[in-house]
Structures are given as structure tokens and as C-alpha cells.
file final.tsv (TSV, C-alpha atoms)
chain	number	residue	atom	x	y	z
Q	1	MET	CA	4.24	12.16	-14.98
Q	2	THR	CA	1.47	11.05	-17.35
Q	3	PHE	CA	-0.09	7.58	-17.29
Q	4	ASP	CA	-3.29	5.88	-18.41
Q	5	ILE	CA	-4.01	3.40	-15.65
Q	6	GLU	CA	-2.98	2.63	-12.05
Q	7	ALA	CA	-2.43	-0.76	-10.49
Q	8	SER	CA	-2.01	-1.73	-6.86
Q	9	TRP	CA	0.13	-4.89	-7.07
Q	10	LEU	CA	0.40	-7.20	-4.07
Q	11	LEU	CA	3.80	-8.31	-5.31
Q	12	ASN	CA	4.66	-10.88	-2.65
Q	13	LEU	CA	3.82	-12.12	0.84
Q	14	LEU	CA	7.18	-12.64	2.57
Q	15	CYS	CA	7.98	-10.00	5.19
Q	16	ASN	CA	10.52	-9.74	8.01
Q	17	PHE	CA	8.09	-7.75	10.19
Q	18	GLU	CA	5.28	-9.43	12.13
Q	19	CYS	CA	2.72	-6.67	12.55
Q	20	SER	CA	-0.45	-7.86	14.26
Q	21	TYR	CA	-2.66	-5.60	12.12
Q	22	CYS	CA	-1.27	-6.87	8.79
Q	23	ALA	CA	-3.34	-9.33	6.75
Q	24	SER	CA	-1.00	-9.69	3.76
Q	25	ARG	CA	2.23	-11.25	5.02
Q	26	ALA	CA	3.63	-14.75	5.41
Q	27	PRO	CA	6.85	-16.26	6.86
Q	28	ILE	CA	7.46	-18.21	3.63
Q	29	GLU	CA	7.14	-16.91	0.11
Q	30	HIS	CA	4.41	-18.24	-2.17
Q	31	PRO	CA	5.72	-20.33	-5.12
Q	32	LEU	CA	3.88	-18.16	-7.68
Q	33	VAL	CA	5.90	-15.11	-6.65
Q	34	GLY	CA	8.64	-14.46	-9.19
Q	35	ARG	CA	7.11	-16.85	-11.70
Q	36	LEU	CA	7.82	-14.53	-14.64
Q	37	THR	CA	11.00	-12.67	-15.49
Q	38	PRO	CA	11.03	-8.86	-15.33
Q	39	GLU	CA	11.12	-8.82	-19.12
Q	40	GLN	CA	8.00	-10.98	-19.32
Q	41	TYR	CA	6.16	-8.69	-16.92
Q	42	LEU	CA	7.24	-5.69	-19.01
Q	43	ASP	CA	6.00	-7.41	-22.15
Q	44	PHE	CA	2.59	-7.93	-20.56
Q	45	PHE	CA	2.17	-4.30	-19.51
Q	46	ASN	CA	3.43	-3.09	-22.90
Q	47	SER	CA	0.96	-5.38	-24.68
Q	48	THR	CA	-1.97	-3.43	-23.19
Q	49	GLY	CA	-0.98	-0.34	-25.16
Q	50	LYS	CA	-1.21	1.76	-21.99
Q	51	THR	CA	1.27	3.57	-19.78
Q	52	TRP	CA	0.96	2.18	-16.25
Q	53	MET	CA	1.50	3.53	-12.76
Q	54	ILE	CA	2.30	0.38	-10.77
Q	55	HIS	CA	2.19	0.57	-6.99
Q	56	PHE	CA	4.17	-2.23	-5.33
Q	57	THR	CA	3.08	-3.50	-1.94
Q	58	GLY	CA	3.39	-6.77	-0.05
Q	59	GLY	CA	4.58	-8.52	2.09
Q	60	GLU	CA	7.78	-6.59	1.75
Q	61	PRO	CA	8.51	-5.71	-1.91
Q	62	PHE	CA	12.27	-5.51	-1.37
Q	63	PHE	CA	12.20	-9.23	-0.52
Q	64	TYR	CA	10.88	-10.03	-4.00
Q	65	PRO	CA	13.42	-12.01	-6.06
Q	66	ASP	CA	15.46	-9.60	-8.18
Q	67	PHE	CA	13.30	-6.64	-7.20
Q	68	LEU	CA	15.91	-4.16	-8.41
Q	69	ARG	CA	15.88	-5.55	-11.95
Q	70	LEU	CA	12.08	-5.66	-11.96
Q	71	CYS	CA	11.98	-1.95	-11.10
Q	72	GLN	CA	14.64	-1.06	-13.65
Q	73	THR	CA	12.85	-3.03	-16.36
Q	74	LEU	CA	9.35	-1.71	-15.74
Q	75	THR	CA	10.47	1.92	-15.40
Q	76	SER	CA	11.93	1.78	-18.90
Q	77	ARG	CA	8.36	2.34	-20.12
Q	78	HIS	CA	6.12	2.79	-17.09
Q	79	TYR	CA	6.06	4.37	-13.61
Q	80	ILE	CA	6.16	2.79	-10.17
Q	81	SER	CA	5.63	3.58	-6.51
Q	82	ILE	CA	6.48	1.46	-3.47
Q	83	ASN	CA	5.08	0.78	-0.02
Q	84	SER	CA	7.93	-0.65	2.08
Q	85	ASN	CA	9.30	-0.83	5.59
Q	86	LEU	CA	12.69	0.15	4.04
Q	87	SER	CA	14.59	-2.22	6.31
Q	88	ALA	CA	16.47	-4.10	3.57
Q	89	PRO	CA	20.07	-3.12	2.71
Q	90	ARG	CA	19.18	-3.57	-0.97
Q	91	VAL	CA	17.21	-0.31	-0.68
Q	92	ARG	CA	20.55	1.43	-1.23
Q	93	ASP	CA	21.11	-0.49	-4.47
Q	94	PHE	CA	17.67	0.66	-5.57
Q	95	ALA	CA	18.51	4.28	-4.72
Q	96	ALA	CA	21.69	4.11	-6.78
Q	97	ASN	CA	20.34	2.29	-9.83
Q	98	VAL	CA	16.69	3.26	-10.47
Q	99	ASP	CA	15.62	6.44	-12.26
Q	100	ALA	CA	13.96	8.60	-9.58
Q	101	SER	CA	11.98	10.51	-12.22
Q	102	ARG	CA	10.02	7.30	-12.95
Q	103	VAL	CA	9.05	6.78	-9.29
Q	104	GLN	CA	5.88	8.51	-8.14
Q	105	PHE	CA	6.70	8.13	-4.45
Q	106	ILE	CA	8.15	5.80	-1.83
Q	107	HIS	CA	5.95	5.23	1.19
Q	108	CYS	CA	7.89	4.20	4.29
Q	109	ALA	CA	5.75	2.15	6.67
Q	110	VAL	CA	7.26	2.72	10.11
Q	111	HIS	CA	5.82	-0.02	12.42
Q	112	VAL	CA	7.43	1.27	15.63
Q	113	GLU	CA	7.12	-1.92	17.70
Q	114	GLN	CA	8.81	-4.05	15.04
Q	115	ARG	CA	11.47	-1.39	14.42
Q	116	ASP	CA	12.30	-1.17	18.12
Q	117	ARG	CA	12.50	-4.96	18.50
Q	118	ARG	CA	14.98	-5.22	15.64
Q	119	LYS	CA	16.99	-2.11	16.58
Q	120	GLY	CA	16.35	-0.96	13.03
Q	121	TRP	CA	16.32	2.81	13.32
Q	122	GLY	CA	19.96	3.30	12.30
Q	123	ASN	CA	19.52	1.14	9.21
Q	124	LEU	CA	16.30	2.98	8.35
Q	125	GLN	CA	18.06	6.34	8.59
Q	126	THR	CA	20.79	5.12	6.23
Q	127	ASN	CA	18.25	3.89	3.69
Q	128	VAL	CA	16.02	6.97	3.89
Q	129	THR	CA	19.05	9.26	3.47
Q	130	ALA	CA	20.22	7.31	0.42
Q	131	LEU	CA	16.81	7.64	-1.22
Q	132	LEU	CA	16.52	11.35	-0.49
Q	133	GLU	CA	20.03	12.07	-1.76
Q	134	SER	CA	19.13	10.29	-5.01
Q	135	GLY	CA	16.05	12.48	-5.44
Q	136	PHE	CA	13.27	10.05	-4.59
Q	137	PRO	CA	10.03	11.58	-3.24
Q	138	LEU	CA	9.40	9.96	0.14
Q	139	PHE	CA	6.95	10.13	3.01
Q	140	ALA	CA	6.33	7.94	6.05
Q	141	SER	CA	3.22	6.71	7.82
Q	142	LEU	CA	2.46	5.21	11.21
Q	143	VAL	CA	-0.49	2.86	11.68
Q	144	MET	CA	-2.43	4.34	14.57
Q	145	THR	CA	-3.02	1.52	17.01
Q	146	PRO	CA	-4.15	2.72	20.47
Q	147	ALA	CA	-0.51	2.54	21.65
Q	148	ALA	CA	0.74	4.56	18.67
Q	149	PHE	CA	-0.92	7.80	19.77
Q	150	ALA	CA	1.66	8.24	22.54
Q	151	GLU	CA	4.52	7.30	20.19
Q	152	PHE	CA	3.57	9.51	17.27
Q	153	PRO	CA	5.16	12.84	18.40
Q	154	ARG	CA	8.52	11.16	19.09
Q	155	VAL	CA	8.57	9.35	15.76
Q	156	ALA	CA	7.38	12.42	13.86
Q	157	GLU	CA	10.23	14.46	15.33
Q	158	TRP	CA	12.74	11.77	14.30
Q	159	PHE	CA	11.51	11.84	10.70
Q	160	ALA	CA	11.32	15.64	10.69
Q	161	SER	CA	15.06	15.71	11.43
Q	162	LEU	CA	15.50	13.93	8.08
Q	163	GLY	CA	13.10	16.25	6.28
Q	164	VAL	CA	10.44	13.56	5.91
Q	165	PRO	CA	6.77	14.05	6.90
Q	166	LEU	CA	5.14	11.40	9.10
Q	167	ILE	CA	1.43	10.87	8.45
Q	168	PRO	CA	-0.97	9.01	10.77
Q	169	LYS	CA	-2.62	6.03	9.07
Q	170	ALA	CA	-5.94	4.68	10.29
Q	171	ILE	CA	-6.54	1.01	10.92
Q	172	ARG	CA	-9.12	-0.37	8.51
Q	173	GLY	CA	-10.76	-3.56	9.70
Q	174	ALA	CA	-10.39	-5.82	12.71
Q	175	PHE	CA	-7.71	-5.23	15.34
Q	176	GLU	CA	-7.70	-6.74	18.84
Q	177	ARG	CA	-11.35	-7.80	18.46
Q	178	ARG	CA	-12.55	-4.31	17.58
Q	179	TRP	CA	-13.58	-2.86	14.21
Q	180	TYR	CA	-11.73	0.24	12.98
Q	181	PRO	CA	-11.89	3.11	12.33
Q	182	GLN	CA	-15.22	3.11	14.20
Q	183	ALA	CA	-13.50	1.85	17.38
Q	184	TYR	CA	-11.40	4.99	17.80
Q	185	SER	CA	-12.52	7.10	20.75
Q	186	ALA	CA	-13.55	10.73	20.35
Q	187	ALA	CA	-10.24	11.84	21.89
Q	188	GLU	CA	-8.26	9.61	19.53
Q	189	ARG	CA	-10.14	10.95	16.52
Q	190	ALA	CA	-9.42	14.53	17.54
Q	191	GLN	CA	-5.74	13.74	18.10
Q	192	PHE	CA	-5.57	11.87	14.79
Q	193	ARG	CA	-6.89	14.90	12.93
Q	194	ARG	CA	-4.37	17.20	14.63
Q	195	PHE	CA	-1.47	14.91	13.70
Q	196	SER	CA	-2.73	14.66	10.11
Q	197	GLU	CA	-3.23	18.41	9.66
Q	198	LYS	CA	0.25	19.12	10.99
Q	199	ALA	CA	1.71	16.49	8.63
Q	200	GLU	CA	0.02	18.13	5.67
Q	201	LEU	CA	1.65	21.46	6.55
Q	202	THR	CA	5.12	19.85	6.62
Q	203	LEU	CA	4.50	18.30	3.19
Q	204	ARG	CA	4.71	21.72	1.60
Q	205	THR	CA	8.44	21.89	2.33
Q	206	ALA	CA	9.25	18.15	2.35
Q	207	ALA	CA	12.25	16.94	0.35
Q	208	GLY	CA	11.24	15.83	-3.13
Q	209	GLN	CA	7.64	17.08	-2.67
Q	210	PRO	CA	6.30	13.53	-2.30
Q	211	PHE	CA	2.69	14.47	-2.97
Q	212	ARG	CA	3.23	16.37	-6.19
Q	213	HIS	CA	1.60	13.59	-8.22
Q	214	HIS	CA	-1.48	12.79	-6.06
Q	215	PRO	CA	-0.23	9.44	-4.77
Q	216	THR	CA	-2.25	6.26	-5.14
Q	217	ILE	CA	-1.99	5.65	-1.41
Q	218	ASN	CA	-2.64	8.91	0.46
Q	219	PRO	CA	-2.94	8.52	4.25
Q	220	LEU	CA	-3.86	12.20	4.54
Q	221	LEU	CA	-7.34	11.20	3.40
Q	222	ASP	CA	-7.80	9.10	6.53
Q	223	ARG	CA	-8.76	12.04	8.69
Q	224	ASP	CA	-11.82	12.62	6.49
Q	225	TYR	CA	-12.96	9.06	7.19
Q	226	ILE	CA	-11.83	8.56	10.77
Q	227	ASP	CA	-15.46	8.03	11.82
Q	228	GLY	CA	-15.87	5.24	9.26
Q	229	ILE	CA	-15.42	4.43	5.57
Q	230	PRO	CA	-18.46	5.14	3.40
Q	231	ASP	CA	-20.13	2.21	1.70
Q	232	PHE	CA	-19.68	3.07	-1.98
Q	233	THR	CA	-21.87	0.22	-3.24
Q	234	GLY	CA	-23.83	1.37	-6.28
Q	235	ILE	CA	-21.84	4.57	-6.81
Q	236	SER	CA	-20.32	4.90	-10.29
Q	237	CYS	CA	-16.58	4.23	-10.20
Q	238	SER	CA	-13.73	4.07	-12.73
Q	239	ALA	CA	-12.07	1.07	-11.04
Q	240	GLY	CA	-11.78	-1.59	-13.69
Q	241	ARG	CA	-11.16	1.08	-16.31
Q	242	THR	CA	-8.42	3.34	-14.92
Q	243	PHE	CA	-7.48	1.35	-11.81
Q	244	VAL	CA	-6.96	-2.37	-11.10
Q	245	SER	CA	-5.72	-4.57	-8.30
Q	246	ILE	CA	-3.11	-7.26	-9.06
Q	247	GLY	CA	-2.49	-10.25	-6.78
Q	248	TYR	CA	0.69	-12.25	-6.23
Q	249	ASP	CA	-1.12	-15.06	-8.10
Q	250	GLY	CA	-1.32	-12.91	-11.23
Q	251	ASN	CA	-5.06	-12.28	-10.94
Q	252	ILE	CA	-6.17	-8.82	-12.02
Q	253	SER	CA	-9.31	-7.55	-10.33
Q	254	ARG	CA	-11.36	-4.42	-10.44
Q	255	CYS	CA	-10.82	-3.47	-6.83
Q	256	GLY	CA	-11.04	-6.21	-4.22
Q	257	GLN	CA	-11.18	-9.80	-5.45
Q	258	LYS	CA	-14.80	-10.00	-6.53
Q	259	THR	CA	-14.65	-8.88	-10.17
Q	260	LEU	CA	-11.88	-10.69	-12.06
Q	261	LEU	CA	-10.61	-8.91	-15.18
Q	262	GLY	CA	-7.69	-11.11	-16.21
Q	263	ASN	CA	-4.42	-12.72	-15.22
Q	264	ILE	CA	-0.85	-11.70	-15.97
Q	265	PHE	CA	0.38	-15.30	-16.27
Q	266	GLU	CA	-2.33	-15.96	-18.87
Q	267	ARG	CA	-1.56	-12.66	-20.66
Q	268	ARG	CA	-5.21	-11.70	-20.35
Q	269	LEU	CA	-6.80	-8.37	-19.41
Q	270	ASP	CA	-10.32	-7.18	-20.22
Q	271	LEU	CA	-10.77	-3.65	-18.91
Q	272	PHE	CA	-14.14	-1.94	-18.71
Q	273	ALA	CA	-14.88	0.60	-21.44
Q	274	GLU	CA	-16.89	2.81	-19.09
Q	275	ASP	CA	-17.37	3.55	-15.39
Q	276	ARG	CA	-19.60	1.08	-13.54
Q	277	PRO	CA	-21.37	1.08	-10.18
Q	278	CYS	CA	-19.27	-0.17	-7.27
Q	279	ASP	CA	-20.07	-3.80	-6.51
Q	280	ASP	CA	-17.45	-4.56	-3.86
Q	281	GLU	CA	-17.41	-3.87	-0.12
Q	282	PHE	CA	-13.65	-3.32	-0.10
Q	283	CYS	CA	-12.69	0.27	-0.88
Q	284	PRO	CA	-8.99	1.16	-1.18
Q	285	TYR	CA	-7.57	4.66	-1.15
Q	286	TYR	CA	-8.43	5.00	-4.83
Q	287	CYS	CA	-12.13	5.36	-3.98
Q	288	THR	CA	-11.74	7.86	-1.18
Q	289	ARG	CA	-9.14	9.84	-3.12
Q	290	TYR	CA	-11.46	10.54	-6.04
Q	291	SER	CA	-14.60	10.91	-3.94
Q	292	ARG	CA	-13.19	13.12	-1.15
Q	293	PHE	CA	-16.59	13.65	0.44
Q	294	LYS	CA	-16.97	16.64	2.72
Q	295	ASN	CA	-18.04	15.83	6.26
Q	296	GLU	CA	-21.59	17.06	5.70
Q	297	ALA	CA	-21.93	14.89	2.58
Q	298	LEU	CA	-20.85	11.77	4.44
Q	299	ALA	CA	-24.15	11.74	6.31
Q	300	GLU	CA	-25.87	10.75	3.05
Q	301	TYR	CA	-23.92	7.51	2.81
Q	302	PRO	CA	-24.03	4.57	5.21
Q	303	LEU	CA	-20.70	3.60	6.75
Q	304	GLN	CA	-19.14	0.22	6.20
Q	305	THR	CA	-19.81	-2.00	9.17
Q	306	ALA	CA	-17.96	-4.91	10.72
Q	307	PRO	CA	-18.63	-8.14	8.84
Q	308	HIS	CA	-21.20	-10.39	10.45
Q	309	VAL	CA	-20.30	-13.77	11.92
Q	310	PHE	CA	-20.51	-15.67	8.63
Q	311	LYS	CA	-18.15	-13.25	6.88
Q	312	GLN	CA	-15.76	-13.32	9.82
Q	313	ALA	CA	-15.69	-17.13	9.61
Q	314	LEU	CA	-14.88	-16.94	5.90
Q	315	ILE	CA	-12.04	-14.52	6.60
Q	316	ILE	CA	-10.59	-16.87	9.23
Q	317	ILE	CA	-10.91	-19.92	6.96
Q	318	ARG	CA	-9.24	-18.13	4.06
Q	319	GLY	CA	-6.44	-16.98	6.35
Q	320	VAL	CA	-5.82	-20.50	7.66
Q	321	ARG	CA	-5.82	-21.94	4.13
Q	322	ARG	CA	-3.34	-19.30	3.01
Q	323	GLN	CA	-1.04	-19.98	5.96
Q	324	ILE	CA	-1.12	-23.73	5.29
Q	325	GLY	CA	-0.38	-23.12	1.63
Q	326	ASN	CA	2.52	-20.85	2.49
Q	327	ARG	CA	4.03	-23.38	4.89
Q	328	ILE	CA	4.07	-26.14	2.27
Q	329	ALA	CA	5.18	-23.84	-0.53
Q	330	ASP	CA	8.40	-24.46	-2.37
Q	331	ALA	CA	10.83	-22.13	-0.60
Q	332	SER	CA	13.81	-22.89	-2.83
Q	333	TYR	CA	14.59	-19.21	-3.20
Q	334	PRO	CA	13.77	-17.48	0.08
Q	335	PRO	CA	14.96	-13.91	-0.62
Q	336	ARG	CA	16.87	-12.10	2.06
Q	337	PRO	CA	17.48	-8.39	2.42

call {"tool": "encode", "arguments": {"input": "final.tsv", "output": "C-alpha cells"}}
result
Amino acid sequence: MTFDIEASWLLNLLCNFECSYCASRAPIEHPLVGRLTPEQYLDFFNSTGKTWMIHFTGGEPFFYPDFLRLCQTLTSRHYISINSNLSAPRVRDFAANVDASRVQFIHCAVHVEQRDRRKGWGNLQTNVTALLESGFPLFASLVMTPAAFAEFPRVAEWFASLGVPLIPKAIRGAFERRWYPQAYSAAERAQFRRFSEKAELTLRTAAGQPFRHHPTINPLLDRDYIDGIPDFTGISCSAGRTFVSIGYDGNISRCGQKTLLGNIFERRLDLFAEDRPCDDEFCPYYCTRYSRFKNEALAEYPLQTAPHVFKQALIIIRGVRRQIGNRIADASYPPRP
């Protein structure tokens, strides 16, 4: 699987789960979502002259209008991966109609509390089985809230019965008025590392070898940064050259939202010609994957800290504005699973 550039695409905002730690979901879809046809999106990516690895996240990608056709169209020339709760019945249509060799991996986000509330384990098993039988590489992750530490062994055993590894995923940012991952206790950090190391062992025999292509989103890295995420500011980085972030509004950014490189709807993209120093406080898995500092080297870099009051206020204001915008959005095509 050879490609020139990776993109993490926040495809949509609508999601049927209501996870308290999620900052990228809405009860109503944004009107810009689905603005272009799959063929128009393909034409844009083709026009760059590059082969893309496009990682879909949301919201819930399977709620995107005509998601199946989008995947089929883009994989005719490029590669994709997906982060999904796999609760939608249309997952089975995807399994039956998309070329598994063009899919880097499928990342199943478990969200135990939401799954229990909706009695969704049977449906999840059906969808996971369909994907595995069609040859899709698949792994699962569980966001490690304080309550999740007691749940993890049970859920890991359930996934193990399907031949799927379950990986602990650290909270990054604010949750219940505490800042993570720094808020984890010493006991939780030790338990997190044990869960992660055991998951990595199971990956060696997992169906489809889901980590054979060094996935864009790799929760196994979290145990290296469970004490805190390094502040990469000023460190040379290839984001903006070999990696970009795409928003549901079509904006293409280097990493977070600070350095704008173009817009899909405007058919514009100006990639960097060389690596540049990091200038954004937000670091996705792309940064930690390619840095992979050893524990002793981490001491040389300051850890990211909780935003001060002014930044927290900005985050709240932006969130309120987004929610208001979503509520008044044109919901003429609310997709359903």
C-alpha cells in the first residue's frame, strides 16, 4: 500500500452516540456536509497528482450521505481508513461492496456506556463479523475514562472471542473538569500500560493484521505518552507536506486549524515543499507516531498543559456557536443508519 500523503478528514458531525468526552459530534448534520458528489471529491484528490491515504472520522462517518458510494469512488484511485462506532446496518453494505485491499484499517470505537444503553452489542458483532469475513483489517479501542478501567477486561475478552484486539485509548484534553492524560493516577497509568502491552501481543495474530501498514491513528502509542503529550512547538515536522487535516467545511489545514493550506470546495491546495517547525499546540497521532520518543528523551520536552482561562473561554464560545449553527442548519437530508 503505497501513497504520497495522508489526510485526517472530519467528514461529518452527526452521530447517534452521545459520548461526554467527544468534541466533534452534533445532533443535526451541518449543511456543508455532502456538498460535493463523490465524483467531485475524487476529481479534487486526483487533481493534486498524488495518491492519498484518507482517514475518515466524524461524527459518525457511516451517517454521511451516500458514504458507501464515496468510499467506492475514492478507492478507485486512493486508499482510505475509517474510525467508526460500527453501529449502522449499512456497515454490512460497505463490507460487501468496497475493495478491502484499498482500506488501510477500520478502527472500531467501542464507547461501552453508549453501547450498553442502546443494547448494541449484537448488532456490533454482526457488523464486525461481516467486515472480518470480507478481509478488512480491524481493531477496536476503548477510551479510558476512570470508569473504563474496570470494564476493560470484560470488553477485551468479548472482542478477543471475535479475534479482534482491544486497545486502551487515552483521553486527550478536558473531561469532568480535569485535564488528561495528566489527570490519570499512578495506578491507572500502570494499568493502562499493562492493557496496552497485552493488546500489542494479540495484534501479532489478529485477523487481517490490522497494523501491517502503520495506521494513521495508533492508540498503542498512548502508553508512551500517558504522563502527558510533549509540546512539539518548534520541532521540524512534515505536516503540511505529507499530512493534512480536512474539516467538514472543506478547509484543509496543516494539523489543527491554525495554518490553512486550502479548501476542497474552492479546489485549492498549497502544500509545503519542505518540513517546517511545528506552530500548533494541537498534536494528533501523526506527530507522536513519527517522533516516538523514548521515556528518557521525553524529559527534554515540556508537556502540553491545560489551556488557561482565556483559552478555555474561547473553546466554550466556539462550542456554543457550533451547536447553535447545527441547530439552525438545513436538515433536509438527515441520514439514518

call {"tool": "closest_residue", "arguments": {"input": "final.tsv", "among": "Q:Arg172, Q:Arg92, Q:Lys50, Q:Arg177", "to": "Q:Phe136", "atoms": "only C-alpha atoms"}}
result
Q:Arg92

call {"tool": "closest_residue", "arguments": {"input": "final.tsv", "among": "Q:Gly240, Q:Gly135, Q:Gly247, Q:Gly256", "to": "Q:Ala273", "atoms": "all atoms listed in the file"}}
result
Q:Gly240

call {"tool": "atom_distance", "arguments": {"input": "final.tsv", "atom1": "atom CA of Q:Asn218", "atom2": "atom CA of Q:Val244"}}
result
16.7 Å

call {"tool": "atom_distance", "arguments": {"input": "final.tsv", "atom1": "atom CA of Q:Val103", "atom2": "atom CA of Q:Trp9"}}
result
14.9 Å

call {"tool": "atom_distance", "arguments": {"input": "final.tsv", "atom1": "atom CA of Q:Phe243", "atom2": "atom CA of Q:Phe272"}}
result
10.1 Å

call {"tool": "closest_residue", "arguments": {"input": "final.tsv", "among": "Q:Asn85, Q:Thr73, Q:Ser47, Q:Ser238", "to": "Q:Cys15", "atoms": "all atoms listed in the file"}}
result
Q:Asn85

call {"tool": "residues_around", "arguments": {"input": "final.tsv", "residues": "Q:Arg276", "least_positions_apart": "6", "cutoff": "9 Å", "atoms": "only C-alpha atoms", "output": "list of chain:residue names"}}
result
Q:Gly234, Q:Ile235, Q:Ser236, Q:Cys237, Q:Ser238, Q:Ala239, Q:Gly240, Q:Arg241

call {"tool": "closest_residue", "arguments": {"input": "final.tsv", "among": "Q:His111, Q:Phe175, Q:Trp121, Q:Ala187", "to": "Q:Trp158", "atoms": "only C-alpha atoms"}}
result
Q:Trp121

call {"tool": "closest_residue", "arguments": {"input": "final.tsv", "among": "Q:Glu39, Q:Asp4, Q:Glu113, Q:Asp275", "to": "Q:Thr75", "atoms": "only C-alpha atoms"}}
result
Q:Glu39

call {"tool": "closest_residue", "arguments": {"input": "final.tsv", "among": "Q:Ser76, Q:Asn123, Q:Ser134, Q:Thr51", "to": "Q:Phe94", "atoms": "only C-alpha atoms"}}
result
Q:Ser134

call {"tool": "residues_around", "arguments": {"input": "final.tsv", "residues": "Q:Arg193", "least_positions_apart": "4", "cutoff": "10 Å", "atoms": "only C-alpha atoms", "output": "PyMOL selection string"}}
result
chain Q and resi 168+188-189+197-199+220+222-224+226

call {"tool": "residues_around", "arguments": {"input": "final.tsv", "residues": "Q:Ala96", "least_positions_apart": "4", "cutoff": "10 Å", "atoms": "all atoms listed in the file", "output": "ChimeraX atom specification"}}
result
/Q:90-92,100,130-131,133-134

call {"tool": "residues_around", "arguments": {"input": "final.tsv", "residues": "Q:Glu151", "least_positions_apart": "4", "cutoff": "12 Å", "atoms": "all atoms listed in the file", "output": "PyMOL selection string"}}
result
chain Q and resi 110-113+116+142-147+155-158+166+168+195

call {"tool": "residues_near_point", "arguments": {"input": "final.tsv", "point": "(-10.9, -0.8, 7.9)", "cutoff": "7 Å", "atoms": "all atoms listed in the file", "output": "number ranges by chain"}}
result
Q: 171-174, 180-181

call {"tool": "write_last_selection", "arguments": {"input": "final.tsv", "atoms": "C-alpha atoms", "output": "short mmCIF file (atom, residue, chain, number, x, y, z; two decimals), in the coordinates of the input"}}
result
data_model
loop_
_atom_site.label_atom_id
_atom_site.label_comp_id
_atom_site.auth_asym_id
_atom_site.auth_seq_id
_atom_site.Cartn_x
_atom_site.Cartn_y
_atom_site.Cartn_z
CA ILE Q 171 -6.54 1.01 10.92
CA ARG Q 172 -9.12 -0.37 8.51
CA GLY Q 173 -10.76 -3.56 9.70
CA ALA Q 174 -10.39 -5.82 12.71
CA TYR Q 180 -11.73 0.24 12.98
CA PRO Q 181 -11.89 3.11 12.33
#

call {"tool": "residues_around", "arguments": {"input": "final.tsv", "residues": "Q:Arg268", "least_positions_apart": "2", "cutoff": "12 Å", "atoms": "all atoms listed in the file", "output": "list in words"}}
result
Phe44, Phe45, Ser47, Thr48, Gly250, Asn251, Ile252, Ser253, Leu260, Leu261, Gly262, Asn263, Ile264, Phe265, Glu266, Asp270 and Leu271 of chain Q

call {"tool": "write_last_selection", "arguments": {"input": "final.tsv", "atoms": "C-alpha atoms", "output": "PDB file, in the coordinates of the input"}}
result
ATOM      1  CA  PHE Q  44       2.590  -7.930 -20.560  1.00  0.00           C
ATOM      2  CA  PHE Q  45       2.170  -4.300 -19.510  1.00  0.00           C
ATOM      3  CA  SER Q  47       0.960  -5.380 -24.680  1.00  0.00           C
ATOM      4  CA  THR Q  48      -1.970  -3.430 -23.190  1.00  0.00           C
ATOM      5  CA  GLY Q 250      -1.320 -12.910 -11.230  1.00  0.00           C
ATOM      6  CA  ASN Q 251      -5.060 -12.280 -10.940  1.00  0.00           C
ATOM      7  CA  ILE Q 252      -6.170  -8.820 -12.020  1.00  0.00           C
ATOM      8  CA  SER Q 253      -9.310  -7.550 -10.330  1.00  0.00           C
ATOM      9  CA  LEU Q 260     -11.880 -10.690 -12.060  1.00  0.00           C
ATOM     10  CA  LEU Q 261     -10.610  -8.910 -15.180  1.00  0.00           C
ATOM     11  CA  GLY Q 262      -7.690 -11.110 -16.210  1.00  0.00           C
ATOM     12  CA  ASN Q 263      -4.420 -12.720 -15.220  1.00  0.00           C
ATOM     13  CA  ILE Q 264      -0.850 -11.700 -15.970  1.00  0.00           C
ATOM     14  CA  PHE Q 265       0.380 -15.300 -16.270  1.00  0.00           C
ATOM     15  CA  GLU Q 266      -2.330 -15.960 -18.870  1.00  0.00           C
ATOM     16  CA  ASP Q 270     -10.320  -7.180 -20.220  1.00  0.00           C
ATOM     17  CA  LEU Q 271     -10.770  -3.650 -18.910  1.00  0.00           C
TER      18      LEU Q 271
END
